[in-house]
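File shown here: final_9.cif, holding mmCIF, C-alpha atoms.
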data_final
#
loop_
_atom_site.label_atom_id
_atom_site.label_comp_id
_atom_site.auth_asym_id
_atom_site.auth_seq_id
_atom_site.Cartn_x
_atom_site.Cartn_y
_atom_site.Cartn_z
CA MET A 1 27.55 -19.59 -9.45
CA LYS A 2 27.12 -16.66 -7.15
CA TYR A 3 25.76 -14.54 -9.94
CA LEU A 4 23.22 -17.24 -10.70
CA ALA A 5 22.18 -17.30 -7.05
CA ALA A 6 21.94 -13.51 -6.92
CA ILE A 7 19.86 -13.40 -10.08
CA SER A 8 17.62 -16.13 -8.71
CA ALA A 9 17.10 -14.20 -5.50
CA LEU A 10 16.34 -11.02 -7.42
CA ALA A 11 13.90 -12.86 -9.63
CA LEU A 12 12.16 -14.32 -6.60
CA ALA A 13 11.82 -10.92 -4.97
CA LEU A 14 10.56 -9.28 -8.15
CA SER A 15 8.13 -12.06 -8.81
CA ALA A 16 6.77 -11.74 -5.30
CA LEU A 17 6.28 -8.02 -5.75
CA GLY A 18 4.72 -8.36 -9.11
CA THR A 19 2.67 -11.49 -8.97
CA PRO A 20 0.15 -11.25 -6.12
CA ALA A 21 -2.34 -9.64 -8.40
CA LEU A 22 -1.45 -12.03 -11.19
CA ALA A 23 -1.10 -15.18 -9.14
CA GLN A 24 -4.39 -14.80 -7.37
CA PRO A 25 -7.42 -15.44 -9.42
CA VAL A 26 -9.73 -12.53 -9.12
CA PRO A 27 -12.64 -13.74 -7.04
CA ARG A 28 -15.66 -13.70 -9.25
CA PRO A 29 -18.94 -13.24 -7.56
CA VAL A 30 -21.05 -16.30 -7.77
CA PRO A 31 -24.28 -15.46 -9.46
CA ALA A 32 -26.77 -15.45 -6.69
CA GLN A 33 -29.98 -17.20 -7.08
CA GLN A 34 -32.93 -15.04 -6.38
CA PRO A 35 -35.21 -16.97 -4.07
CA ASP A 36 -38.82 -16.16 -4.18
CA VAL A 37 -38.72 -14.38 -0.85
CA LYS A 38 -40.48 -11.08 -0.77
CA GLN A 39 -39.81 -10.03 2.78
CA VAL A 40 -38.13 -10.96 6.03
CA LYS A 41 -38.56 -9.73 9.55
CA ALA A 42 -36.04 -7.99 11.73
CA GLU A 43 -36.17 -7.67 15.48
CA VAL A 44 -34.67 -4.48 16.84
CA ILE A 45 -33.67 -4.34 20.51
CA VAL A 46 -33.19 -0.76 21.61
CA LEU A 47 -31.01 -0.45 24.71
CA HIS A 48 -29.86 2.43 26.84
CA ALA A 49 -26.28 1.99 28.01
CA THR A 50 -25.10 3.94 31.02
CA ASN A 51 -22.74 3.58 33.93
CA GLU A 52 -25.25 3.70 36.75
CA GLY A 53 -24.24 0.43 38.32
CA LYS A 54 -27.61 -1.22 37.77
CA GLY A 55 -26.54 -4.16 35.66
CA ILE A 56 -28.29 -5.66 32.66
CA ASP A 57 -32.06 -5.48 32.41
CA PRO A 58 -33.41 -9.07 32.56
CA ASN A 59 -36.06 -8.12 30.03
CA ILE A 60 -33.36 -7.90 27.40
CA GLY A 61 -33.02 -11.65 27.24
CA ASP A 62 -30.05 -13.64 26.09
CA LEU A 63 -27.44 -11.17 24.87
CA PRO A 64 -24.17 -12.35 26.43
CA GLN A 65 -22.27 -9.91 24.24
CA LEU A 66 -23.28 -7.15 26.63
CA LYS A 67 -20.95 -8.57 29.27
CA LYS A 68 -17.95 -8.50 26.96
CA PRO A 69 -15.90 -5.72 25.41
CA PRO A 70 -16.69 -3.32 23.94
CA PHE A 71 -20.10 -3.38 25.63
CA SER A 72 -18.52 -3.88 29.04
CA ALA A 73 -17.51 -0.23 28.84
CA TYR A 74 -20.99 0.35 30.28
CA ASP A 75 -22.29 -1.49 33.32
CA THR A 76 -25.98 -0.74 32.89
CA TYR A 77 -28.19 -1.79 29.99
CA LYS A 78 -31.87 -1.02 30.03
CA LEU A 79 -34.39 -2.21 27.47
CA LEU A 80 -36.18 0.76 25.93
CA ASP A 81 -37.97 -0.72 22.96
CA ARG A 82 -38.27 -3.94 21.01
CA PRO A 83 -39.99 -3.41 17.67
CA THR A 84 -40.15 -5.93 14.85
CA LEU A 85 -39.75 -4.51 11.38
CA THR A 86 -40.87 -6.15 8.19
CA LEU A 87 -38.22 -5.77 5.56
CA ALA A 88 -39.32 -5.90 1.95
CA ARG A 89 -36.71 -6.04 -0.74
CA GLY A 90 -35.89 -2.58 -1.93
CA GLN A 91 -38.06 -0.82 0.65
CA VAL A 92 -36.78 1.00 3.71
CA ALA A 93 -38.44 0.28 7.02
CA SER A 94 -37.99 3.03 9.60
CA HIS A 95 -38.43 3.20 13.33
CA LYS A 96 -38.27 6.20 15.61
CA LEU A 97 -35.60 6.04 18.28
CA PRO A 98 -35.84 7.36 21.86
CA ASN A 99 -33.45 10.21 21.05
CA GLU A 100 -35.85 11.41 18.32
CA GLY A 101 -33.56 9.99 15.70
CA LYS A 102 -34.58 7.33 13.20
CA LEU A 103 -33.44 3.83 12.39
CA ASN A 104 -33.73 2.78 8.75
CA VAL A 105 -33.40 -0.85 7.71
CA GLU A 106 -33.61 -2.23 4.20
CA LEU A 107 -33.41 -5.72 2.77
CA LYS A 108 -31.14 -5.19 -0.19
CA ASP A 109 -30.72 -8.71 -1.43
CA ILE A 110 -30.81 -12.37 -0.58
CA LEU A 111 -27.85 -14.42 -1.71
CA VAL A 112 -28.15 -18.17 -1.99
CA GLU A 113 -25.04 -20.24 -2.44
CA LYS A 114 -25.45 -24.00 -2.19
CA ASP A 115 -27.10 -24.58 1.16
CA SER A 116 -26.40 -21.23 2.75
CA GLU A 117 -28.46 -18.12 2.49
CA LYS A 118 -27.22 -14.64 3.21
CA LEU A 119 -29.32 -11.58 3.72
CA VAL A 120 -27.82 -8.33 2.54
CA VAL A 121 -29.19 -5.66 4.81
CA GLY A 122 -28.65 -1.95 4.80
CA ALA A 123 -29.05 -0.03 8.04
CA SER A 124 -28.67 3.61 8.91
CA ILE A 125 -29.40 5.96 11.76
CA ASP A 126 -30.53 9.52 11.30
CA GLN A 127 -30.03 12.18 13.94
CA PRO A 128 -33.00 14.13 15.31
CA ASP A 129 -32.17 16.93 12.88
CA GLY A 130 -32.38 14.53 9.98
CA LYS A 131 -28.68 14.32 9.28
CA ARG A 132 -27.20 10.91 8.72
CA PHE A 133 -25.39 9.57 11.79
CA VAL A 134 -24.05 6.32 10.39
CA GLU A 135 -24.90 3.90 7.63
CA MET A 136 -23.76 0.41 6.82
CA THR A 137 -24.36 -2.67 4.78
CA VAL A 138 -24.09 -6.07 6.39
CA THR A 139 -24.48 -9.62 5.20
CA SER A 140 -26.05 -11.97 7.66
CA ALA A 141 -27.31 -15.47 7.91
CA ARG A 142 -30.93 -15.82 8.93
CA GLY A 143 -31.18 -15.15 12.63
CA GLY A 144 -27.83 -13.36 12.71
CA ILE A 145 -27.54 -10.36 14.98
CA PHE A 146 -25.49 -7.24 14.68
CA PHE A 147 -25.13 -4.20 16.88
CA VAL A 148 -25.03 -0.50 16.23
CA ALA A 149 -23.95 1.63 19.16
CA GLY A 150 -23.16 5.23 19.70
CA PRO A 151 -25.97 7.78 19.51
CA ALA A 152 -25.91 9.90 22.65
CA TYR A 153 -28.92 9.60 24.87
CA LYS A 154 -29.48 10.77 28.46
CA SER A 155 -25.99 10.56 29.93
CA GLY A 156 -25.38 7.40 27.99
CA ILE A 157 -25.71 5.97 24.54
CA LEU A 158 -28.20 3.98 22.54
CA VAL A 159 -27.29 0.45 21.56
CA LEU A 160 -29.33 -1.25 18.88
CA ALA A 161 -29.24 -5.00 18.47
CA ILE A 162 -30.72 -5.98 15.11
CA ARG A 163 -31.55 -9.60 14.45
CA VAL A 164 -32.53 -10.22 10.85
CA GLY A 165 -34.48 -13.05 9.35
CA VAL A 166 -36.40 -13.86 12.48
CA PRO A 167 -39.51 -16.02 12.02
CA MET B 1 54.74 -1.69 -7.13
CA SER B 2 54.77 -4.52 -9.56
CA LYS B 3 57.26 -6.14 -11.76
CA HIS B 4 54.48 -7.53 -13.96
CA SER B 5 53.36 -4.29 -15.53
CA ASP B 6 52.83 -5.98 -18.86
CA ASN B 7 52.69 -9.49 -17.74
CA PRO B 8 52.28 -12.10 -20.45
CA ARG B 9 51.31 -14.68 -17.80
CA ILE B 10 47.96 -12.99 -17.32
CA ARG B 11 45.97 -15.05 -19.69
CA PRO B 12 43.20 -17.44 -18.97
CA THR B 13 43.54 -21.11 -19.49
CA PRO B 14 40.80 -23.67 -19.21
CA ALA B 15 40.24 -24.29 -15.56
CA SER B 16 40.56 -27.76 -14.25
CA SER B 17 37.71 -28.96 -12.13
CA SER B 18 40.18 -30.12 -9.52
CA ALA B 19 42.12 -26.84 -9.46
CA GLN B 20 42.11 -24.90 -6.20
CA ALA B 21 40.82 -21.38 -6.73
CA PRO B 22 43.47 -18.87 -5.65
CA SER B 23 42.61 -16.33 -3.01
CA ASP B 24 42.78 -12.61 -3.67
CA LEU B 25 45.83 -12.42 -1.45
CA ASP B 26 47.61 -15.02 -3.56
CA LEU B 27 46.73 -13.09 -6.68
CA MET B 28 48.15 -9.86 -5.26
CA ARG B 29 51.29 -11.60 -4.05
CA TRP B 30 51.76 -13.23 -7.40
CA LEU B 31 51.26 -9.96 -9.20
CA ASP B 32 53.77 -8.28 -6.91
CA GLY B 33 56.26 -10.98 -7.70
CA GLU B 34 56.24 -12.51 -4.27
CA LEU B 35 55.39 -15.92 -5.62
CA ASP B 36 57.70 -17.53 -8.04
CA ASP B 37 56.67 -19.56 -11.00
CA SER B 38 57.33 -22.80 -9.23
CA GLU B 39 54.24 -22.10 -7.12
CA ALA B 40 50.82 -22.35 -8.57
CA ALA B 41 50.41 -19.54 -11.06
CA PRO B 42 46.92 -18.16 -10.38
CA GLY B 43 46.76 -16.45 -13.70
CA GLN B 44 46.73 -19.79 -15.35
CA VAL B 45 43.83 -21.17 -13.38
CA ASP B 46 40.70 -19.71 -14.83
CA ASP B 47 39.00 -16.68 -16.31
CA VAL B 48 38.01 -15.23 -12.96
CA ALA B 49 41.54 -15.14 -11.66
CA ALA B 50 42.78 -13.71 -14.93
CA ARG B 51 40.18 -10.96 -14.79
CA LYS B 52 41.09 -10.12 -11.22
CA LEU B 53 44.72 -9.94 -12.19
CA ARG B 54 43.94 -7.60 -15.05
CA ASP B 55 41.94 -5.39 -12.70
CA LEU B 56 44.72 -5.33 -10.16
CA GLU B 57 47.15 -4.52 -12.91
CA LEU B 58 45.01 -1.61 -14.05
CA VAL B 59 44.63 -0.23 -10.52
CA GLY B 60 48.33 -0.57 -9.93
CA SER B 61 49.17 1.28 -13.10
CA LEU B 62 46.79 4.12 -12.23
CA VAL B 63 48.26 4.45 -8.75
CA ARG B 64 51.78 4.43 -10.13
CA GLU B 65 50.85 7.05 -12.67
CA ARG B 66 49.52 9.41 -10.04
CA ALA B 67 52.14 8.60 -7.45
CA ASP B 68 55.03 9.27 -9.82
CA GLY B 69 53.92 12.85 -10.20
CA ASP B 70 53.40 13.45 -6.49
CA PRO B 71 56.47 14.34 -4.40
CA ARG B 72 54.75 12.91 -1.34
CA ALA B 73 55.13 9.49 -2.86
CA ASP B 74 58.88 9.60 -2.51
CA GLY B 75 59.95 7.15 0.12
CA ILE B 76 56.41 6.05 0.87
CA ALA B 77 57.41 2.40 0.59
CA ASP B 78 60.20 2.91 3.10
CA ALA B 79 57.80 4.72 5.41
CA VAL B 80 55.31 1.87 5.25
CA MET B 81 57.96 -0.72 5.92
CA ALA B 82 59.26 1.31 8.84
CA ALA B 83 55.74 1.50 10.25
CA LEU B 84 55.37 -2.24 9.88
CA ALA B 85 58.66 -2.82 11.64
CA ALA B 86 57.57 -0.57 14.48
CA GLU B 87 54.31 -2.47 14.69
CA LYS B 88 56.16 -5.75 14.94
CA ALA B 89 58.18 -4.38 17.84
CA VAL B 90 55.00 -4.02 19.92
CA PRO B 91 54.15 -7.34 21.59
CA HIS B 92 50.74 -8.72 20.72
CA GLU B 93 48.87 -11.59 22.22
CA ALA B 94 46.98 -12.26 19.06
CA LYS B 95 46.95 -15.77 17.74
CA VAL B 96 49.61 -16.12 15.09
CA VAL B 97 48.76 -18.29 12.15
CA THR B 98 51.51 -18.98 9.72
CA LEU B 99 50.83 -18.91 6.06
CA ALA B 100 51.53 -22.62 5.85
CA GLU B 101 48.96 -23.33 8.57
CA ARG B 102 46.43 -21.12 6.89
CA ARG B 103 46.96 -22.86 3.59
CA ALA B 104 46.64 -26.26 5.24
CA ASP B 105 43.40 -25.16 6.87
CA ARG B 106 42.08 -23.86 3.60
CA VAL B 107 42.94 -27.10 1.86
CA ALA B 108 41.22 -29.04 4.63
CA THR B 109 38.03 -27.04 4.29
CA GLY B 110 38.23 -27.13 0.53
CA ARG B 111 36.85 -23.60 0.36
CA PRO B 112 38.87 -20.64 -0.93
CA ALA B 113 39.01 -17.49 1.16
CA ASN B 114 37.08 -15.53 -1.41
CA ASP B 115 34.25 -18.03 -1.63
CA ASN B 116 31.04 -16.06 -1.00
CA ALA B 117 28.63 -18.76 -2.03
CA ARG B 118 27.32 -19.26 1.50
CA SER B 119 26.50 -15.55 1.85
CA ILE B 120 24.85 -15.51 -1.55
CA PHE B 121 22.68 -18.49 -0.70
CA ALA B 122 21.78 -16.91 2.62
CA LEU B 123 20.69 -13.77 0.78
CA ALA B 124 18.75 -15.89 -1.69
CA ALA B 125 16.99 -17.66 1.17
CA LEU B 126 16.20 -14.31 2.77
CA ALA B 127 14.80 -13.00 -0.51
CA ALA B 128 12.72 -16.14 -0.91
CA ALA B 129 11.33 -15.72 2.60
CA ALA B 130 10.53 -12.08 1.88
CA ALA B 131 8.90 -13.11 -1.39
CA ALA B 132 6.72 -15.64 0.38
CA GLY B 133 5.79 -13.08 3.01
CA LEU B 134 4.86 -10.51 0.40
CA PHE B 135 2.88 -13.09 -1.49
CA PHE B 136 0.77 -14.06 1.50
CA TRP B 137 0.50 -10.42 2.56
CA GLY B 138 -0.82 -9.66 -0.89
CA ARG B 139 -3.31 -12.49 -0.70
CA GLY B 140 -4.50 -11.35 2.72
CA GLY B 141 -4.86 -7.79 1.60
CA GLY B 142 -2.39 -6.48 4.14
CA PRO B 143 -2.87 -4.53 7.30
CA GLY B 144 -5.93 -2.35 7.29
CA SER B 145 -7.60 -4.24 4.50
CA GLU B 146 -10.59 -4.86 6.71
CA GLU B 147 -10.67 -1.31 7.81
CA LEU B 148 -13.98 0.27 7.27
CA ALA B 149 -14.98 3.66 6.23
CA SER B 150 -15.25 7.05 7.71
CA GLY B 151 -15.80 10.02 5.52
CA ASP B 152 -18.22 12.11 3.56
CA LEU B 153 -21.75 10.81 3.73
CA SER B 154 -22.53 12.26 0.34
CA ALA B 155 -20.06 9.96 -1.39
CA PRO B 156 -21.07 6.49 -2.50
CA MET B 157 -20.36 4.01 0.24
CA ASP B 158 -18.36 1.61 -1.90
CA GLN B 159 -16.20 4.46 -3.09
CA ILE B 160 -15.56 5.60 0.45
CA VAL B 161 -14.56 2.11 1.51
CA ALA B 162 -12.19 1.80 -1.40
CA GLU B 163 -10.61 5.16 -0.71
CA ARG B 164 -10.20 4.46 2.95
CA ALA B 165 -8.59 1.13 2.28
CA ALA B 166 -6.18 2.75 -0.14
CA THR B 167 -5.12 5.72 1.96
CA PRO B 168 -6.01 5.42 5.61
CA ALA B 169 -5.36 8.46 7.73
CA PRO B 170 -3.04 7.42 10.59
CA GLU B 171 -5.32 8.52 13.40
CA ALA B 172 -8.48 7.29 11.75
CA ALA B 173 -6.81 3.98 10.95
CA LEU B 174 -6.01 3.57 14.60
CA LEU B 175 -9.50 4.36 15.71
CA THR B 176 -11.36 2.40 13.10
CA GLU B 177 -9.26 -0.73 13.11
CA PRO B 178 -11.52 -3.74 13.51
CA VAL B 179 -11.06 -5.55 16.77
CA VAL B 180 -11.86 -9.16 17.37
CA ALA B 181 -13.08 -9.27 20.91
CA ALA B 182 -13.70 -12.25 23.13
CA GLN B 183 -13.47 -14.78 20.34
CA PRO B 184 -12.15 -18.03 21.72
CA GLU B 185 -12.12 -19.86 18.41
CA ALA B 186 -12.39 -18.88 14.77
CA ARG B 187 -15.85 -19.51 13.42
CA PRO B 188 -17.27 -18.16 10.22
CA PRO B 189 -19.02 -14.94 11.01
CA ALA B 190 -22.77 -15.01 11.02
CA VAL B 191 -22.72 -11.33 10.26
CA GLU B 192 -20.17 -9.44 8.25
CA VAL B 193 -20.01 -5.72 7.76
CA ALA B 194 -19.61 -5.16 4.04
CA ALA B 195 -19.39 -1.40 4.26
CA VAL B 196 -19.84 1.29 6.86
CA ASN B 197 -19.82 5.05 6.66
CA PHE B 198 -19.13 6.91 9.87
CA GLY B 199 -19.39 10.29 8.22
CA ALA B 200 -17.25 12.83 10.02
CA ARG B 201 -17.22 10.78 13.22
CA GLN B 202 -14.82 8.20 14.42
CA GLY B 203 -15.97 4.67 14.73
CA SER B 204 -14.92 1.09 15.09
CA VAL B 205 -16.09 -2.27 13.85
CA PHE B 206 -15.76 -5.15 16.28
CA TYR B 207 -16.28 -8.82 15.67
CA MET B 208 -17.15 -10.92 18.67
CA GLY B 209 -18.39 -14.37 19.51
CA GLY B 210 -22.05 -15.25 19.57
CA SER B 211 -24.17 -16.55 22.39
CA ASP B 212 -23.42 -20.20 21.69
CA ALA B 213 -21.39 -22.43 19.44
CA ALA B 214 -24.10 -22.42 16.81
CA ASP B 215 -23.71 -18.69 16.37
CA GLY B 216 -20.86 -17.39 14.35
CA MET B 217 -19.14 -14.12 15.05
CA THR B 218 -21.32 -11.12 15.22
CA ALA B 219 -20.46 -7.58 14.27
CA VAL B 220 -20.60 -4.40 16.27
CA VAL B 221 -20.53 -1.00 14.61
CA TRP B 222 -19.61 1.46 17.31
CA VAL B 223 -19.81 5.15 16.50
CA THR B 224 -18.19 7.72 18.71
CA ASP B 225 -20.75 10.40 19.36
CA ASP B 226 -19.02 13.42 20.83
CA ALA B 227 -22.12 14.29 22.78
CA ALA B 228 -21.92 10.93 24.54
CA GLY B 229 -18.26 11.22 25.31
CA GLY B 230 -15.76 9.17 23.45
CA ARG B 231 -14.89 5.66 22.56
CA PRO B 232 -15.94 2.49 24.34
#

As structure tokens, how would this structure be written, given the file I've shared?
Amino acid sequence: MKYLAAISALALALSALGTPALAQPVPRPVPAQQPDVKQVKAEVIVLHATNEGKGIDPNIGDLPQLKKPPFSAYDTYKLLDRPTLTLARGQVASHKLPNEGKLNVELKDILVEKDSEKLVVGASIDQPDGKRFVEMTVTSARGGIFFVAGPAYKSGILVLAIRVGVP
Amino acid sequence: MSKHSDNPRIRPTPASSSAQAPSDLDLMRWLDGELDDSEAAPGQVDDVAARKLRDLELVGSLVRERADGDPRADGIADAVMAALAAEKAVPHEAKVVTLAERRADRVATGRPANDNARSIFALAALAAAAAAGLFFWGRGGGPGSEELASGDLSAPMDQIVAERAATPAPEAALLTEPVVAAQPEARPPAVEVAAVNFGARQGSVFYMGGSDAADGMTAVVWVTDDAAGGRP
């Protein structure tokens, strides 16, 4: 009896170690429909974050995230620029940043699953010397916003809020 | 040591379902001749007891073989008995349970002293719990599975993400671990970071709540620029 129990326990443990990859069906990407959308727009909010005790610039608008961590590490946010980029699929739209660097945004794909639509957007920042600072790929619903923070600028940093799929 | 060096009683007989399994102590006492045949002969109970008896017999014979050739073995039995007698002379306050009482208690519980089934089942339950934990850990991808990349910009981003997920550097893993900040309730993220390449810098990916309930979580890619002075 005890041998049976021990063997059962061993079998359970081995099966747990061995089966996750087998037990889980490999998620297969759903073939995305390709909507007839040639381009979308992206609003870029360029902010200067410092600790000068001046609060959040009212011209920034409704960005409550700035009051929460990690943005609360800085107490002053000033609006520097607010361009709107037109993103065409497969084409990189660039915008010059206040630190002489460059923001690059690209609409990589549009995924449609049932009623939801996801924009696949690539974004990168180049340093003033042309070297890549950071690059990323995000998926976002229309109107979704994401932030990129970090490039040094005048005793502070630049914070970019990028809202994609704006009307 | 034993008067049953070639004991013909050590043979298995079909065990009765109502037979009480003998304890190891009973087996040793029986093998040493301390139990007479009028008491239950454990060797006639089942295969397990018979096997134990054979093993005890083998060990006893090996010990006798070595002890007979060692002069230190002379009088060892007398020495042990003398030590036991001296031990008995020291008063103890320990609870004394007679053999009869112990047997009665064992009969009342219906469980032999060498019954390890409860421990085995406890181990089985523990293994099952560990198995379930590993299973769900595997499904979730484990700690660091959402960790995003930091590395060589010249490498393909997907490759970098895969490598980082497979072998995170301890310090980088600490610094790049995604943090869910100020998220009162779990909502599907409106924005997800599929891949990020921090290059040689350190960075973090945060997920935080949106401006209202209609917004899902939003993502923050925070790069530590040494010129700006450190992490948030």

Problem - Residues selected by the PyMOL selection byres ((chain A and resi 132-139) around 6), written as a list of chain:residue names - result: A:Leu119, A:Val120, A:Val121, A:Gly122, A:Ala123, A:Ser124, A:Ile125, A:Asp126, A:Gln127, A:Lys131, A:Ser140, B:Val191, B:Glu192, B:Val193, B:Ala194, B:Ala195, B:Val196, B:Asn197, B:Phe198

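If you look at atom CA of Val164 of chain A and atom CA of Asp226 of chain B, they are 29.0 Å away from each other.
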
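The two atoms in question, atom CA of Glu87 of chain B and atom CA of Gly69 of chain B, are spaced 29.2 Å apart.
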
Exercise for the section: Give me, please, the distance in Å between atom CA of Pro70 of chain A and atom CA of Gly101 of chain A, quoted to one decimal. Expected result: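 Taking atom CA of Pro70 of chain A as the start and atom CA of Gly101 of chain A as the end point, the length is 23.0 Å.
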
Practice task
Expand the PyMOL selection byres ((chain B and resi 221) around 8) into the individual residues it matches in the shown file, reporting them as a PyMOL selection string.
Solution key: (chain A and resi 146-149) or (chain B and resi 203-206+219-220+222-223)

Handout entry: Nearby residues (all atoms listed in the file) at most 10 Å from segment 45-55 of chain A, same-chain spacing under 3 positions excluded, as a PyMOL selection string
Key = chain A and resi 42+58+60-61+66-67+71-84+97-98+147-163
